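Here's start-v4.pdb, which has PDB, C-alpha atoms, pLDDT in the B column:
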ATOM      1  CA  MET A   1       4.210  12.906 -10.275  1.00 90.00           C
ATOM      2  CA  THR A   2       3.147  10.250  -7.805  1.00 95.00           C
ATOM      3  CA  SER A   3       3.140  10.982  -4.087  1.00 98.00           C
ATOM      4  CA  ALA A   4       3.040   8.762  -1.015  1.00 98.00           C
ATOM      5  CA  GLN A   5      -0.517  10.039  -0.509  1.00 98.00           C
ATOM      6  CA  ASP A   6      -1.489   8.734  -3.963  1.00 98.00           C
ATOM      7  CA  ILE A   7      -0.207   5.265  -3.123  1.00 98.00           C
ATOM      8  CA  ALA A   8      -1.836   5.299   0.308  1.00 98.00           C
ATOM      9  CA  GLY A   9      -5.147   6.204  -1.336  1.00 98.00           C
ATOM     10  CA  TRP A  10      -4.690   3.374  -3.826  1.00 98.00           C
ATOM     11  CA  MET A  11      -4.098   0.946  -0.949  1.00 98.00           C
ATOM     12  CA  VAL A  12      -7.225   2.085   0.916  1.00 98.00           C
ATOM     13  CA  ASP A  13      -9.291   1.883  -2.296  1.00 98.00           C
ATOM     14  CA  ARG A  14      -8.102  -1.681  -2.922  1.00 97.00           C
ATOM     15  CA  ILE A  15      -9.054  -2.700   0.615  1.00 98.00           C
ATOM     16  CA  ARG A  16     -12.477  -1.076   0.306  1.00 97.00           C
ATOM     17  CA  THR A  17     -13.240  -2.638  -3.093  1.00 97.00           C
ATOM     18  CA  GLU A  18     -11.651  -6.070  -2.611  1.00 97.00           C
ATOM     19  CA  GLY A  19     -12.075  -6.484   1.145  1.00 96.00           C
ATOM     20  CA  ARG A  20      -8.362  -6.860   1.800  1.00 97.00           C
ATOM     21  CA  LEU A  21      -4.860  -6.251   0.477  1.00 98.00           C
ATOM     22  CA  SER A  22      -1.951  -8.557   1.216  1.00 98.00           C
ATOM     23  CA  GLN A  23       1.461  -7.133   1.945  1.00 96.00           C
ATOM     24  CA  ASP A  24       2.994  -9.338  -0.743  1.00 95.00           C
ATOM     25  CA  GLN A  25       0.482  -8.082  -3.307  1.00 97.00           C
ATOM     26  CA  ALA A  26       1.135  -4.453  -2.381  1.00 98.00           C
ATOM     27  CA  VAL A  27       4.917  -4.889  -2.460  1.00 97.00           C
ATOM     28  CA  GLN A  28       4.654  -6.414  -5.934  1.00 97.00           C
ATOM     29  CA  GLU A  29       2.157  -3.945  -7.404  1.00 98.00           C
ATOM     30  CA  ILE A  30       3.459  -0.663  -5.963  1.00 98.00           C
ATOM     31  CA  PRO A  31       6.746  -0.643  -7.936  1.00 97.00           C
ATOM     32  CA  GLU A  32       4.983  -1.910 -11.082  1.00 97.00           C
ATOM     33  CA  THR A  33       2.305   0.781 -10.870  1.00 97.00           C
ATOM     34  CA  PHE A  34       4.032   3.726  -9.191  1.00 98.00           C
ATOM     35  CA  GLY A  35       7.783   3.083  -9.426  1.00 97.00           C
ATOM     36  CA  PRO A  36      10.495   1.230  -7.505  1.00 96.00           C
ATOM     37  CA  GLU A  37      11.295   4.210  -5.277  1.00 97.00           C
ATOM     38  CA  TRP A  38       8.202   3.431  -3.174  1.00 98.00           C
ATOM     39  CA  VAL A  39       9.539   0.144  -1.820  1.00 98.00           C
ATOM     40  CA  ARG A  40      12.691  -0.655   0.123  1.00 97.00           C
ATOM     41  CA  THR A  41      14.870  -3.692   0.739  1.00 96.00           C
ATOM     42  CA  LEU A  42      15.190  -4.784   4.341  1.00 95.00           C
ATOM     43  CA  GLU A  43      18.333  -6.171   5.960  1.00 96.00           C
ATOM     44  CA  ASN A  44      16.963  -9.704   5.582  1.00 96.00           C
ATOM     45  CA  GLY A  45      16.591  -9.171   1.826  1.00 94.00           C
ATOM     46  CA  HIS A  46      12.802  -8.930   1.812  1.00 93.00           C
ATOM     47  CA  THR A  47      11.063  -6.047   0.071  1.00 95.00           C
ATOM     48  CA  ALA A  48       8.810  -3.714   2.058  1.00 96.00           C
ATOM     49  CA  ILE A  49       6.627  -0.687   1.435  1.00 98.00           C
ATOM     50  CA  SER A  50       8.443   2.589   2.092  1.00 98.00           C
ATOM     51  CA  LYS A  51       7.992   4.133   5.525  1.00 97.00           C
ATOM     52  CA  GLU A  52       6.652   7.314   3.902  1.00 98.00           C
ATOM     53  CA  VAL A  53       3.851   5.389   2.159  1.00 98.00           C
ATOM     54  CA  LEU A  54       2.976   3.481   5.324  1.00 97.00           C
ATOM     55  CA  ALA A  55       2.759   6.722   7.315  1.00 98.00           C
ATOM     56  CA  GLU A  56       0.396   8.214   4.717  1.00 98.00           C
ATOM     57  CA  PHE A  57      -1.583   4.965   4.619  1.00 98.00           C
ATOM     58  CA  ARG A  58      -2.211   5.167   8.372  1.00 97.00           C
ATOM     59  CA  LYS A  59      -3.483   8.737   7.936  1.00 97.00           C
ATOM     60  CA  ALA A  60      -5.593   7.823   4.893  1.00 97.00           C
ATOM     61  CA  HIS A  61      -7.531   4.967   6.483  1.00 97.00           C
ATOM     62  CA  GLY A  62      -8.046   6.811   9.777  1.00 95.00           C
ATOM     63  CA  GLY A  63      -8.349   3.650  11.845  1.00 96.00           C
ATOM     64  CA  THR A  64     -10.837   1.894   9.542  1.00 96.00           C
ATOM     65  CA  VAL A  65      -8.311  -0.774   8.483  1.00 98.00           C
ATOM     66  CA  GLN A  66      -6.780  -3.556  10.552  1.00 98.00           C
ATOM     67  CA  TRP A  67      -3.566  -5.529  10.026  1.00 97.00           C
ATOM     68  CA  ASP A  68      -3.567  -9.334  10.306  1.00 97.00           C
ATOM     69  CA  ARG A  69      -0.003 -10.036  11.389  1.00 96.00           C
ATOM     70  CA  ASP A  70      -0.196 -13.818  10.981  1.00 97.00           C
ATOM     71  CA  ARG A  71      -1.669 -13.772   7.469  1.00 96.00           C
ATOM     72  CA  ARG A  72       0.065 -10.521   6.460  1.00 96.00           C
ATOM     73  CA  PHE A  73      -2.842  -8.548   5.021  1.00 97.00           C
ATOM     74  CA  TRP A  74      -4.910  -5.460   5.718  1.00 98.00           C
ATOM     75  CA  SER A  75      -8.710  -5.536   5.823  1.00 98.00           C
ATOM     76  CA  LEU A  76     -11.590  -3.317   6.898  1.00 97.00           C
ATOM     77  CA  LYS A  77     -12.384  -3.349  10.612  1.00 95.00           C
ATOM     78  CA  GLY A  78     -15.650  -4.877  11.708  1.00 81.00           C
TER
END
Kindly transcribe the structure held in the file into structure tokens.
Amino acid sequence: MTSAQDIAGWMVDRIRTEGRLSQDQAVQEIPETFGPEWVRTLENGHTAISKEVLAEFRKAHGGTVQWDRDRRFWSLKG
């Protein structure tokens, strides 16, 4: 069974191997790969990563990843 930690690890691995991961890409691939329960629909109708996954993601990268708010992707710091 998949856990939020598994998905967080997948996200960090993608960033480390590809240099970055866009929010749109993650929101599309997470339900396809791990199941629809790991994303949520916001009030505005947009789809987002579950809060549980995002909390585990923050723990998993330990400050080594940065968020680009304007371009909506994560990448390695420095």
- Query: Where does the PyMOL selection byres ((chain A and resi 39-46) around 12) land in this file, that is, which residues does it pick, as a PyMOL selection string?
  - Reply: chain A and resi 4+7+23-24+26-38+47-54
- Message: On this structure, the PyMOL selection byres ((chain A and resi 73) around 6) would catch which residues? List them as an MDAnalysis selection string, sorted by chain and number.
- Response: chainID A and resid 21:23 67:68 71:72 74
- Task: Find the distance between CA of Leu76 (chain A) and CA of Arg58 (chain A) and write it in Å to one decimal.
- Result: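 Atom-to-atom, CA of Leu76 (chain A) to CA of Arg58 (chain A), that is 12.7 Å.
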- Pick the closest to Asp13 (chain A) from A:His61, A:Met1, A:Ala55, A:Arg69: which is it, counting all atoms listed in the file?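 The shortest atom-to-atom distance to Asp13 (chain A) comes from A:His61.
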- Message: As an exercise, work out the distance from CA of Glu56 (chain A) to CA of Thr17 (chain A) in Å and give it to one decimal place.
- Response: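 A separation of 19.1 Å between them.
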- Hey, can you check how far CA of Met11 (chain A) sits from CA of Lys59 (chain A)?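 One can read the CA of Met11 (chain A) to CA of Lys59 (chain A) distance as 11.8 Å.
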Axis-aligned box for region 17-24 of chain A, 3 Å per side, centre and edges in Å as JSON:
{"center_x": -5.1, "center_y": -6.0, "center_z": -0.6, "size_x": 22.2, "size_y": 12.7, "size_z": 11.0}
